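Below is the file target-v4.txt, which contains compact mmCIF, C-alpha atoms and all ligand atoms.
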# COMPACT_ATOMS: atom_id res chain seq x y z
CA MET Y 1426 48.65 45.64 81.84
CA ASP Y 1427 47.62 47.08 85.20
CA ASN Y 1428 48.70 45.27 88.36
CA VAL Y 1429 46.26 44.01 91.02
CA LYS Y 1430 48.77 42.55 93.48
CA GLY Y 1431 47.71 43.27 97.07
CA LYS Y 1432 44.44 44.93 95.96
CA TRP Y 1433 40.94 43.74 96.92
CA ALA Y 1434 38.72 42.29 94.18
CA LEU Y 1435 35.01 41.60 94.66
CA VAL Y 1436 33.56 38.87 92.43
CA THR Y 1437 29.79 38.34 92.34
CA GLY Y 1438 28.51 34.93 91.27
CA ALA Y 1439 31.65 33.30 92.68
CA SER Y 1440 30.02 29.97 93.58
CA SER Y 1441 30.26 28.45 90.08
CA GLY Y 1442 31.16 28.91 86.40
CA PHE Y 1443 32.90 32.10 85.31
CA GLY Y 1444 32.98 33.46 88.86
CA VAL Y 1445 35.30 30.66 90.01
CA GLU Y 1446 37.62 31.34 87.05
CA PHE Y 1447 37.67 35.12 87.61
CA ALA Y 1448 38.48 34.63 91.30
CA THR Y 1449 41.23 32.13 90.49
CA LEU Y 1450 42.85 34.37 87.84
CA LEU Y 1451 42.77 37.42 90.12
CA ALA Y 1452 44.21 35.43 93.04
CA GLN Y 1453 46.99 34.15 90.74
CA GLN Y 1454 47.87 37.80 90.15
CA GLY Y 1455 48.05 38.42 93.91
CA ALA Y 1456 44.65 40.07 94.50
CA ASN Y 1457 42.76 39.48 97.75
CA LEU Y 1458 39.18 38.43 97.18
CA ALA Y 1459 35.64 39.00 98.38
CA LEU Y 1460 33.45 36.21 97.00
CA VAL Y 1461 29.69 36.81 96.74
CA ALA Y 1462 26.76 34.53 95.77
CA ARG Y 1463 23.92 32.72 97.54
CA ARG Y 1464 25.59 29.29 97.98
CA LYS Y 1465 28.20 29.56 100.69
CA GLU Y 1466 29.71 26.07 100.63
CA PRO Y 1467 31.28 26.13 97.13
CA MET Y 1468 32.67 29.60 97.87
CA GLU Y 1469 34.22 28.37 101.15
CA ARG Y 1470 35.91 25.52 99.24
CA LEU Y 1471 37.22 27.97 96.62
CA ALA Y 1472 38.38 30.34 99.38
CA ASP Y 1473 40.33 27.52 101.11
CA ARG Y 1474 42.00 26.57 97.82
CA LEU Y 1475 42.99 30.16 96.97
CA ARG Y 1476 44.31 30.89 100.47
CA ARG Y 1477 46.42 27.72 100.34
CA ASP Y 1478 47.65 27.91 96.71
CA GLN Y 1479 47.96 31.67 96.17
CA ARG Y 1480 48.52 32.93 99.74
CA VAL Y 1481 45.91 35.69 99.36
CA GLU Y 1482 43.19 36.83 101.77
CA VAL Y 1483 39.69 35.67 100.88
CA ILE Y 1484 36.36 36.54 102.46
CA VAL Y 1485 33.04 34.92 101.62
CA GLU Y 1486 29.67 36.69 101.72
CA SER Y 1487 26.44 34.81 101.11
CA LEU Y 1488 23.91 37.22 99.60
CA ASP Y 1489 20.83 37.02 97.38
CA LEU Y 1490 21.20 39.78 94.79
CA SER Y 1491 17.58 39.38 93.66
CA GLN Y 1492 16.46 41.08 96.88
CA ALA Y 1493 15.95 44.85 96.82
CA GLY Y 1494 18.59 46.48 99.02
CA ALA Y 1495 21.17 43.72 98.45
CA ALA Y 1496 23.74 46.12 96.96
CA ALA Y 1497 23.58 48.45 99.97
CA GLU Y 1498 23.84 45.42 102.27
CA LEU Y 1499 26.95 44.24 100.41
CA LYS Y 1500 28.57 47.68 100.62
CA ALA Y 1501 27.81 47.85 104.37
CA ARG Y 1502 29.39 44.41 104.90
CA MET Y 1503 32.57 45.43 103.02
CA ASP Y 1504 32.75 48.73 104.91
CA SER Y 1505 32.37 46.99 108.27
CA ARG Y 1506 35.30 44.72 107.33
CA GLN Y 1507 37.23 47.84 106.20
CA VAL Y 1508 37.93 46.25 102.83
CA PRO Y 1509 38.43 48.82 100.04
CA ILE Y 1510 37.32 47.28 96.73
CA ASP Y 1511 39.70 48.17 93.86
CA VAL Y 1512 38.39 45.62 91.36
CA LEU Y 1513 34.69 44.81 90.90
CA VAL Y 1514 33.66 41.83 88.76
CA ASN Y 1515 29.91 42.08 88.15
CA ASN Y 1516 29.45 38.48 87.08
CA ALA Y 1517 26.34 37.15 88.91
CA GLY Y 1518 23.48 36.60 86.51
CA TYR Y 1519 21.35 34.01 84.76
CA GLY Y 1520 18.94 33.48 81.92
CA LEU Y 1521 15.36 32.26 81.59
CA TYR Y 1522 14.82 30.30 78.40
CA GLY Y 1523 11.39 29.87 76.82
CA GLU Y 1524 8.43 31.95 75.76
CA PHE Y 1525 8.12 35.26 77.58
CA LEU Y 1526 4.46 34.74 78.49
CA GLU Y 1527 5.22 31.29 79.90
CA GLN Y 1528 7.68 32.72 82.47
CA SER Y 1529 6.29 33.73 85.84
CA ALA Y 1530 6.31 37.49 86.37
CA GLN Y 1531 8.11 36.98 89.68
CA ARG Y 1532 10.95 34.95 88.14
CA LEU Y 1533 11.33 37.60 85.44
CA ARG Y 1534 11.49 40.35 88.05
CA GLU Y 1535 14.11 38.47 90.07
CA MET Y 1536 16.27 37.87 86.98
CA LEU Y 1537 16.10 41.52 85.95
CA GLN Y 1538 16.90 42.57 89.52
CA VAL Y 1539 20.08 40.44 89.54
CA ASN Y 1540 21.20 41.07 85.94
CA MET Y 1541 20.51 44.82 85.82
CA LEU Y 1542 19.49 46.57 89.05
CA ALA Y 1543 21.87 44.87 91.49
CA LEU Y 1544 24.70 45.31 88.96
CA THR Y 1545 23.85 49.01 88.58
CA GLU Y 1546 23.61 49.66 92.32
CA VAL Y 1547 26.75 47.70 93.19
CA THR Y 1548 28.66 49.60 90.49
CA HIS Y 1549 27.30 52.93 91.73
CA LEU Y 1550 28.32 52.23 95.35
CA PHE Y 1551 31.78 50.75 94.77
CA GLY Y 1552 32.44 52.90 91.68
CA SER Y 1553 31.93 56.07 93.76
CA ASP Y 1554 34.66 54.96 96.18
CA MET Y 1555 36.97 54.08 93.27
CA ALA Y 1556 36.40 57.48 91.65
CA LYS Y 1557 37.18 59.22 94.98
CA ARG Y 1558 40.45 57.27 95.18
CA GLY Y 1559 41.11 57.98 91.47
CA SER Y 1560 41.63 54.32 90.52
CA GLY Y 1561 39.75 51.09 90.00
CA HIS Y 1562 38.63 48.41 87.57
CA VAL Y 1563 35.11 47.15 86.87
CA LEU Y 1564 34.19 44.17 84.69
CA PHE Y 1565 30.62 43.64 83.41
CA LEU Y 1566 29.34 40.32 82.05
CA ALA Y 1567 27.10 40.93 79.04
CA SER Y 1568 26.60 38.26 76.35
CA LEU Y 1569 26.58 37.52 72.65
CA LEU Y 1570 22.80 37.80 73.06
CA ALA Y 1571 23.24 41.48 73.97
CA TYR Y 1572 23.94 42.20 70.29
CA GLN Y 1573 20.50 41.37 68.90
CA ALA Y 1574 16.96 40.73 70.11
CA THR Y 1575 16.64 37.01 70.85
CA PRO Y 1576 13.18 35.39 70.89
CA GLY Y 1577 13.31 32.55 73.44
CA TYR Y 1578 15.61 34.63 75.61
CA ALA Y 1579 13.67 37.88 75.14
CA ALA Y 1580 14.04 39.38 78.63
CA TYR Y 1581 17.49 37.90 79.29
CA ALA Y 1582 18.92 39.20 76.00
CA ALA Y 1583 17.39 42.62 76.67
CA SER Y 1584 18.92 42.65 80.17
CA LYS Y 1585 22.35 41.90 78.68
CA ALA Y 1586 21.90 44.68 76.07
CA TYR Y 1587 21.39 46.99 79.06
CA VAL Y 1588 24.61 45.69 80.65
CA LEU Y 1589 26.54 46.18 77.39
CA LEU Y 1590 25.36 49.75 76.85
CA LEU Y 1591 25.72 50.76 80.50
CA GLY Y 1592 29.25 49.37 80.65
CA GLU Y 1593 30.43 50.98 77.43
CA ALA Y 1594 28.98 54.35 78.47
CA LEU Y 1595 30.59 54.11 81.92
CA ASN Y 1596 33.94 53.33 80.33
CA THR Y 1597 33.84 56.82 78.79
CA GLU Y 1598 32.33 58.57 81.84
CA LEU Y 1599 34.68 57.08 84.43
CA LYS Y 1600 37.92 57.12 82.42
CA PRO Y 1601 38.82 60.69 83.50
CA ARG Y 1602 38.18 59.61 87.14
CA GLY Y 1603 40.79 56.82 86.83
CA VAL Y 1604 38.24 53.98 86.79
CA ALA Y 1605 38.31 51.48 83.92
CA VAL Y 1606 35.01 49.78 82.99
CA THR Y 1607 35.15 46.79 80.64
CA VAL Y 1608 32.31 44.70 79.20
CA LEU Y 1609 32.96 41.03 78.43
CA SER Y 1610 30.47 39.38 76.06
CA PRO Y 1611 30.82 35.59 76.03
CA GLY Y 1612 28.99 33.27 73.66
CA PRO Y 1613 27.79 29.85 74.84
CA THR Y 1614 30.20 28.59 77.50
CA ALA Y 1615 30.31 25.32 79.45
CA THR Y 1616 29.04 26.49 82.87
CA SER Y 1617 25.75 25.82 84.69
CA PHE Y 1618 24.16 28.61 82.62
CA ALA Y 1619 22.11 26.43 80.20
CA GLU Y 1620 20.88 24.12 82.96
CA VAL Y 1621 19.81 27.07 85.15
CA ALA Y 1622 18.13 28.73 82.14
CA GLY Y 1623 16.33 25.51 81.24
CA GLN Y 1624 17.84 25.21 77.78
CA LYS Y 1625 19.11 22.20 75.82
CA ASN Y 1626 22.16 22.45 73.58
CA THR Y 1627 21.53 22.84 69.83
CA PRO Y 1628 24.06 22.07 67.05
CA MET Y 1629 24.79 25.82 66.73
CA ILE Y 1630 25.34 26.17 70.48
CA ARG Y 1631 27.64 23.12 70.48
CA MET Y 1632 29.65 24.66 67.63
CA LEU Y 1633 30.14 27.94 69.52
CA MET Y 1634 30.71 26.37 72.96
CA MET Y 1635 33.86 27.52 74.80
CA GLU Y 1636 35.39 26.54 78.13
CA PRO Y 1637 35.00 29.09 80.94
CA ALA Y 1638 38.72 29.47 81.81
CA PRO Y 1639 39.91 30.99 78.49
CA VAL Y 1640 36.83 33.24 78.32
CA ALA Y 1641 37.47 34.51 81.86
CA ARG Y 1642 41.12 35.15 80.96
CA ILE Y 1643 40.04 37.28 77.98
CA GLY Y 1644 37.82 39.28 80.36
CA ILE Y 1645 40.49 39.84 83.03
CA ASP Y 1646 43.22 40.68 80.48
CA SER Y 1647 40.90 43.15 78.70
CA MET Y 1648 39.92 44.74 82.02
CA LEU Y 1649 43.57 45.16 83.06
CA ARG Y 1650 44.29 46.71 79.65
CA ARG Y 1651 41.36 49.12 80.26
CA ARG Y 1652 39.53 48.08 77.08
CA SER Y 1653 35.88 49.15 76.87
CA SER Y 1654 34.34 46.01 75.37
CA VAL Y 1655 35.38 42.56 74.21
CA VAL Y 1656 33.53 39.66 72.57
CA ALA Y 1657 35.13 36.32 73.51
CA GLY Y 1658 36.04 33.94 70.68
CA LEU Y 1659 36.51 34.31 66.94
CA LEU Y 1660 33.17 32.78 65.90
CA ASN Y 1661 31.29 35.00 68.36
CA LYS Y 1662 33.18 38.04 67.07
CA ALA Y 1663 32.22 37.03 63.50
CA ILE Y 1664 28.52 36.87 64.48
CA VAL Y 1665 28.68 40.34 66.05
CA PHE Y 1666 30.44 41.70 62.96
CA ALA Y 1667 27.92 40.03 60.59
CA ASN Y 1668 25.09 41.74 62.54
CA ARG Y 1669 26.32 45.07 61.20
CA LEU Y 1670 25.55 43.89 57.67
CA THR Y 1671 22.24 42.15 58.46
CA PRO Y 1672 18.73 43.61 58.86
CA ARG Y 1673 17.56 43.48 62.48
CA ALA Y 1674 14.53 41.28 61.67
CA LEU Y 1675 16.87 38.72 60.10
CA GLN Y 1676 19.34 38.90 63.01
CA ARG Y 1677 16.67 37.87 65.51
CA GLN Y 1678 15.29 35.17 63.20
CA ILE Y 1679 18.76 33.63 62.85
CA MET Y 1680 19.43 33.78 66.60
CA HIS Y 1681 15.97 32.33 67.35
CA SER Y 1682 16.73 29.29 65.17
CA ALA Y 1683 20.28 29.01 66.55
CA ILE Y 1684 19.01 28.60 70.10
CA GLY Y 1685 16.37 26.08 69.05
CA GLY Y 1686 13.27 28.28 68.83
N1 LIG D 1701 27.75 30.46 80.27
C1 LIG D 1701 27.27 31.13 79.24
O1 LIG D 1701 26.96 30.55 78.19
C2 LIG D 1701 27.16 32.63 79.33
C3 LIG D 1701 27.16 33.36 78.12
C4 LIG D 1701 27.06 34.75 78.19
C5 LIG D 1701 27.00 35.37 79.42
N2 LIG D 1701 27.00 34.63 80.56
C6 LIG D 1701 26.92 35.36 81.84
O2 LIG D 1701 27.97 34.94 82.70
C7 LIG D 1701 27.61 35.22 84.04
C8 LIG D 1701 27.99 34.04 84.91
O3 LIG D 1701 27.23 32.91 84.55
P1 LIG D 1701 27.85 31.45 84.39
O4 LIG D 1701 27.83 31.13 82.96
O5 LIG D 1701 29.12 31.34 85.13
O6 LIG D 1701 26.69 30.59 85.06
P2 LIG D 1701 26.62 29.85 86.47
O7 LIG D 1701 27.67 28.80 86.57
O8 LIG D 1701 25.19 29.42 86.60
O9 LIG D 1701 26.95 31.00 87.53
C9 LIG D 1701 26.03 32.00 87.87
C10 LIG D 1701 26.49 32.65 89.17
O10 LIG D 1701 25.57 33.71 89.49
C11 LIG D 1701 25.18 33.56 90.84
N3 LIG D 1701 23.82 34.04 91.09
C12 LIG D 1701 22.68 33.68 90.42
N4 LIG D 1701 21.61 34.24 91.02
C13 LIG D 1701 22.09 34.95 92.09
C14 LIG D 1701 21.47 35.71 93.11
N5 LIG D 1701 20.13 35.85 93.17
N6 LIG D 1701 22.24 36.29 94.05
C15 LIG D 1701 23.58 36.13 94.03
N7 LIG D 1701 24.23 35.40 93.08
C16 LIG D 1701 23.48 34.82 92.13
C17 LIG D 1701 25.23 32.05 91.10
O11 LIG D 1701 25.43 31.79 92.49
P3 LIG D 1701 24.31 31.17 93.48
O12 LIG D 1701 23.43 30.28 92.67
O13 LIG D 1701 25.14 30.45 94.51
O14 LIG D 1701 23.62 32.37 94.05
C18 LIG D 1701 26.49 31.67 90.33
O15 LIG D 1701 27.63 31.86 91.13
C19 LIG D 1701 26.12 35.55 84.04
O16 LIG D 1701 25.95 36.95 84.16
C20 LIG D 1701 25.66 35.07 82.67
O17 LIG D 1701 24.54 35.78 82.20
C21 LIG D 1701 27.09 33.28 80.55
File written out as structure tokens:
Amino acid sequence: MDNVKGKWALVTGASSGFGVEFATLLAQQGANLALVARRKEPMERLADRLRRDQRVEVIVESLDLSQAGAAAELKARMDSRQVPIDVLVNNAGYGLYGEFLEQSAQRLREMLQVNMLALTEVTHLFGSDMAKRGSGHVLFLASLLAYQATPGYAAYAASKAYVLLLGEALNTELKPRGVAVTVLSPGPTATSFAEVAGQKNTPMIRMLMMEPAPVARIGIDSMLRRRSSVVAGLLNKAIVFANRLTPRALQRQIMHSAIGG
């Protein structure tokens, strides 16, 4: 596995859920951290804990990634602090559950901006520096829902399919430049995700539910092994495998029922 001791890692969405686990795991391996999300207070608490327990440097940047220009703003802030980012964890994101036509167009735009455009721009900016230095690691957060169309999460699932395909393609493109890109696809995991999305748990979701810490560990280990793509959890892997043998219309019908549609 590659070593991140003394390197700088930037984690987006570091104010809750997976982001806290990614930051903790990277700090345990000796990486310094730049934490990014909108809510500053939970990130300051996490920063204090990591400085005290792991003796690493931690900086906190409050930023709304749904705003156009946020990626350039983030890059400018890191440059002004003279912090070279060696590890980029593109974790910030959220879902909108419910019928597509019932969502407001503005909320859809903001979600797509965070899940896809900010991720793309942040990767382009920091990935260019990594490629110039000839080394770096990037982790993308896709989802089990990236593997089939999902009525009820139509736009969210499509945004995660974008993340999956972009990440896998970049793994191949950036490998010769020394930059490893890995896509982690979690299934349902006990974070704030469902509450933010406005979704209630169903029996199927309860059956698949994992804790965030082991899922984050799978992501970090896979990234440091330079794997292109990993689905977290045996049941989630089985669903992705079964998709290969199932007609697409049936895949989306099954997933629609599984999430309570
Ligand atoms: N949990 C699951 O079941 C699951 C499954 C598959 C994939 N995922 C993916 O995992 C990633 C992390 O989600 P989570 O499960 O850890 O949920 P979470 O606990 O709700 O965390 C989401 C993080 O994204 C940040 N974020 C949201 N909107 C943002 C914005 N406009 N600007 C900056 N940061 C923003 C939030 O910070 P602020 O609110 O402070 O801005 C928060 O830190 C997401 O990409 C999600 O799609 C989750």
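Residues of protein, DNA and RNA with at least one atom no farther than 10 Å from (39.5, 31.8, 86.9) are, using only C-alpha atoms, Ala1439, Gly1442, Phe1443, Gly1444, Val1445, Glu1446, Phe1447, Ala1448, Thr1449, Leu1450, Leu1451, Ala1452, Gln1453, Pro1637, Ala1638, Pro1639, Val1640, Ala1641, Arg1642 and Ile1645 of chain Y.
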Residue selection dump (C-alpha atoms) as an mmCIF file, in the coordinates of the input:
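New file part_38.cif:
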data_model
loop_
_atom_site.group_PDB
_atom_site.id
_atom_site.type_symbol
_atom_site.label_atom_id
_atom_site.label_comp_id
_atom_site.auth_asym_id
_atom_site.auth_seq_id
_atom_site.Cartn_x
_atom_site.Cartn_y
_atom_site.Cartn_z
ATOM 1 C CA ALA Y 1439 31.650 33.300 92.680
ATOM 2 C CA GLY Y 1442 31.160 28.910 86.400
ATOM 3 C CA PHE Y 1443 32.900 32.100 85.310
ATOM 4 C CA GLY Y 1444 32.980 33.460 88.860
ATOM 5 C CA VAL Y 1445 35.300 30.660 90.010
ATOM 6 C CA GLU Y 1446 37.620 31.340 87.050
ATOM 7 C CA PHE Y 1447 37.670 35.120 87.610
ATOM 8 C CA ALA Y 1448 38.480 34.630 91.300
ATOM 9 C CA THR Y 1449 41.230 32.130 90.490
ATOM 10 C CA LEU Y 1450 42.850 34.370 87.840
ATOM 11 C CA LEU Y 1451 42.770 37.420 90.120
ATOM 12 C CA ALA Y 1452 44.210 35.430 93.040
ATOM 13 C CA GLN Y 1453 46.990 34.150 90.740
ATOM 14 C CA PRO Y 1637 35.000 29.090 80.940
ATOM 15 C CA ALA Y 1638 38.720 29.470 81.810
ATOM 16 C CA PRO Y 1639 39.910 30.990 78.490
ATOM 17 C CA VAL Y 1640 36.830 33.240 78.320
ATOM 18 C CA ALA Y 1641 37.470 34.510 81.860
ATOM 19 C CA ARG Y 1642 41.120 35.150 80.960
ATOM 20 C CA ILE Y 1645 40.490 39.840 83.030
#
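Nearest to ligand LIG 1701 (chain D) of all the residues Y:Thr1671, Y:Thr1597, Y:Ser1441, Y:Ser1553 is Y:Ser1441, based on all atoms listed in the file.
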| So which residues are near ligand LIG 1701 (chain D), meaning at most 6 Å away with all atoms listed in the file counted, given back as a PyMOL selection string? | chain Y and resi 1438-1444+1462-1464+1488-1491+1516-1519+1539+1566-1568+1611-1618
| request: For each of Y:Asn1428, Y:Ser1529, Y:Ser1647, Y:Asn1515, take the minimum atom-to-atom distance to Gly1455 of chain Y, counting only C-alpha atoms, then give the residue where this is smallest. | output: Y:Asn1428
For a cut-off of 6 Å around (39.9, 44.0, 102.2), file coordinates, pick out all residues using all atoms listed in the file and list them as a tab-separated table (two decimals) with C-alpha atoms, keeping the file's coordinate frame.
chain	number	residue	atom	x	y	z
Y	1433	TRP	CA	40.94	43.74	96.92
Y	1508	VAL	CA	37.93	46.25	102.83
Y	1509	PRO	CA	38.43	48.82	100.04
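Proximity ranking of Y:Leu1533, Y:Ala1495, Y:Leu1513, Y:Val1621 relative to His1562 of chain Y places Y:Leu1513 first, based on all atoms listed in the file.
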| Separation of atom CA of Val1655 of chain Y from atom CA of Gly1685 of chain Y in Å |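 According to the coordinates, atom CA of Gly1685 of chain Y and atom CA of Val1655 of chain Y are separated by 25.7 Å.
Pairwise distance (atom CA of Leu1595 of chain Y, atom CA of Met1648 of chain Y) equals 13.2 Å.
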| field | Pick from Y:Met1536, Y:Leu1460, Y:Ala1497, Y:Val1514, whichever lies nearest to Ser1584 of chain Y using all atoms listed in the file | value |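 For Ser1584 of chain Y, the nearest of the given residues is Y:Met1536.
Using only C-alpha atoms, the smallest distance between any of Y:Met1680, Y:Ala1622, Y:Leu1570, Y:Leu1435 and Gly1523 of chain Y comes from Y:Ala1622.
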Shell around Ala1472 of chain Y at 9 Å using all atoms listed in the file, local window under 6 positions removed, as a CSV table (one decimal) with C-alpha atoms, keeping the file's coordinate frame:
chain,number,residue,atom,x,y,z
Y,1458,LEU,CA,39.2,38.4,97.2
Y,1460,LEU,CA,33.4,36.2,97.0
Y,1482,GLU,CA,43.2,36.8,101.8
Y,1483,VAL,CA,39.7,35.7,100.9
Y,1484,ILE,CA,36.4,36.5,102.5
Y,1485,VAL,CA,33.0,34.9,101.6
| query | Residues at most 10 Å from Lys1500 of chain Y, counting all atoms listed in the file, excluding those fewer than 2 positions away in the same chain, as a ChimeraX atom specification? | reply | /Y:1495-1498,1502-1506,1508-1510,1546-1547,1550-1551
| Quick one: distance from atom CA of Val1512 of chain Y to atom CA of Ala1543 of chain Y in Å, one decimal? |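 Taking atom CA of Val1512 of chain Y and atom CA of Ala1543 of chain Y, their separation equals 16.5 Å.
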| request: Find, counting all atoms listed in the file, the residue in Y:Leu1564, Y:Met1426, Y:Arg1677, Y:Leu1633 that gets nearest to Asp1646 of chain Y. | output: Y:Met1426
| task | Identify, on the basis of only C-alpha atoms, every residue whose closest approach to Tyr1522 of chain Y does not exceed 8 Å; exclude the query and any residue fewer than 4 positions from it along the same chain; express the result as a ChimeraX atom specification. | result | /Y:1577-1578,1622-1624
| said: Can you pull out the residues contacting Leu1660 of chain Y? Cut-off 12 Å, using only C-alpha atoms, and skip same-chain residues under 4 positions away; I want them as a ChimeraX atom specification. | reply: /Y:1569,1611-1613,1629-1630,1632-1635,1656,1664-1667
| Near Pro1601 of chain Y, within 12 Å and counting all atoms listed in the file, which residues show up once chain neighbours fewer than 3 positions away are dropped, as number ranges by chain? | Y: 1555-1557, 1559-1561, 1595-1598, 1604-1606
Got a minute to add N, CA and C atoms to segment 1510-1529 of chain Y and dump it as an mmCIF file, in the coordinates of the input?
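Generated output (rebuild_6.cif):
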data_model
loop_
_atom_site.group_PDB
_atom_site.id
_atom_site.type_symbol
_atom_site.label_atom_id
_atom_site.label_comp_id
_atom_site.auth_asym_id
_atom_site.auth_seq_id
_atom_site.Cartn_x
_atom_site.Cartn_y
_atom_site.Cartn_z
ATOM 1 N N ILE Y 1510 37.388 48.077 97.972
ATOM 2 C CA ILE Y 1510 37.320 47.280 96.730
ATOM 3 C C ILE Y 1510 37.938 48.075 95.572
ATOM 4 N N ASP Y 1511 39.018 47.528 95.003
ATOM 5 C CA ASP Y 1511 39.700 48.170 93.860
ATOM 6 C C ASP Y 1511 39.255 47.573 92.532
ATOM 7 N N VAL Y 1512 38.804 46.317 92.589
ATOM 8 C CA VAL Y 1512 38.390 45.620 91.360
ATOM 9 C C VAL Y 1512 37.010 45.017 91.620
ATOM 10 N N LEU Y 1513 36.051 45.326 90.746
ATOM 11 C CA LEU Y 1513 34.690 44.810 90.900
ATOM 12 C C LEU Y 1513 34.334 43.984 89.664
ATOM 13 N N VAL Y 1514 34.072 42.691 89.878
ATOM 14 C CA VAL Y 1514 33.660 41.830 88.760
ATOM 15 C C VAL Y 1514 32.175 41.537 88.928
ATOM 16 N N ASN Y 1515 31.367 42.206 88.115
ATOM 17 C CA ASN Y 1515 29.910 42.080 88.150
ATOM 18 C C ASN Y 1515 29.509 40.884 87.286
ATOM 19 N N ASN Y 1516 29.616 39.699 87.876
ATOM 20 C CA ASN Y 1516 29.450 38.480 87.080
ATOM 21 C C ASN Y 1516 28.124 37.768 87.362
ATOM 22 N N ALA Y 1517 27.551 37.907 88.567
ATOM 23 C CA ALA Y 1517 26.340 37.150 88.910
ATOM 24 C C ALA Y 1517 25.240 37.452 87.899
ATOM 25 N N GLY Y 1518 24.576 36.408 87.467
ATOM 26 C CA GLY Y 1518 23.480 36.600 86.510
ATOM 27 C C GLY Y 1518 23.017 35.266 85.997
ATOM 28 N N TYR Y 1519 21.863 35.256 85.349
ATOM 29 C CA TYR Y 1519 21.350 34.010 84.760
ATOM 30 C C TYR Y 1519 20.298 34.333 83.721
ATOM 31 N N GLY Y 1520 19.937 33.309 82.969
ATOM 32 C CA GLY Y 1520 18.940 33.480 81.920
ATOM 33 C C GLY Y 1520 17.685 32.678 82.211
ATOM 34 N N LEU Y 1521 16.595 33.044 81.556
ATOM 35 C CA LEU Y 1521 15.360 32.260 81.590
ATOM 36 C C LEU Y 1521 15.009 31.958 80.146
ATOM 37 N N TYR Y 1522 15.086 30.677 79.791
ATOM 38 C CA TYR Y 1522 14.820 30.300 78.400
ATOM 39 C C TYR Y 1522 13.348 29.914 78.252
ATOM 40 N N GLY Y 1523 12.772 30.260 77.101
ATOM 41 C CA GLY Y 1523 11.390 29.870 76.820
ATOM 42 C C GLY Y 1523 10.569 31.093 76.468
ATOM 43 N N GLU Y 1524 9.290 30.835 76.171
ATOM 44 C CA GLU Y 1524 8.430 31.950 75.760
ATOM 45 C C GLU Y 1524 8.206 32.917 76.917
ATOM 46 N N PHE Y 1525 8.270 34.184 76.587
ATOM 47 C CA PHE Y 1525 8.120 35.260 77.580
ATOM 48 C C PHE Y 1525 6.855 35.072 78.415
ATOM 49 N N LEU Y 1526 5.726 34.805 77.753
ATOM 50 C CA LEU Y 1526 4.460 34.740 78.490
ATOM 51 C C LEU Y 1526 4.346 33.482 79.346
ATOM 52 N N GLU Y 1527 5.233 32.508 79.074
ATOM 53 C CA GLU Y 1527 5.220 31.290 79.900
ATOM 54 C C GLU Y 1527 6.035 31.453 81.183
ATOM 55 N N GLN Y 1528 6.863 32.499 81.262
ATOM 56 C CA GLN Y 1528 7.680 32.720 82.470
ATOM 57 C C GLN Y 1528 6.785 33.363 83.543
ATOM 58 N N SER Y 1529 7.064 33.038 84.799
ATOM 59 C CA SER Y 1529 6.290 33.730 85.840
ATOM 60 C C SER Y 1529 6.832 35.151 85.964
#
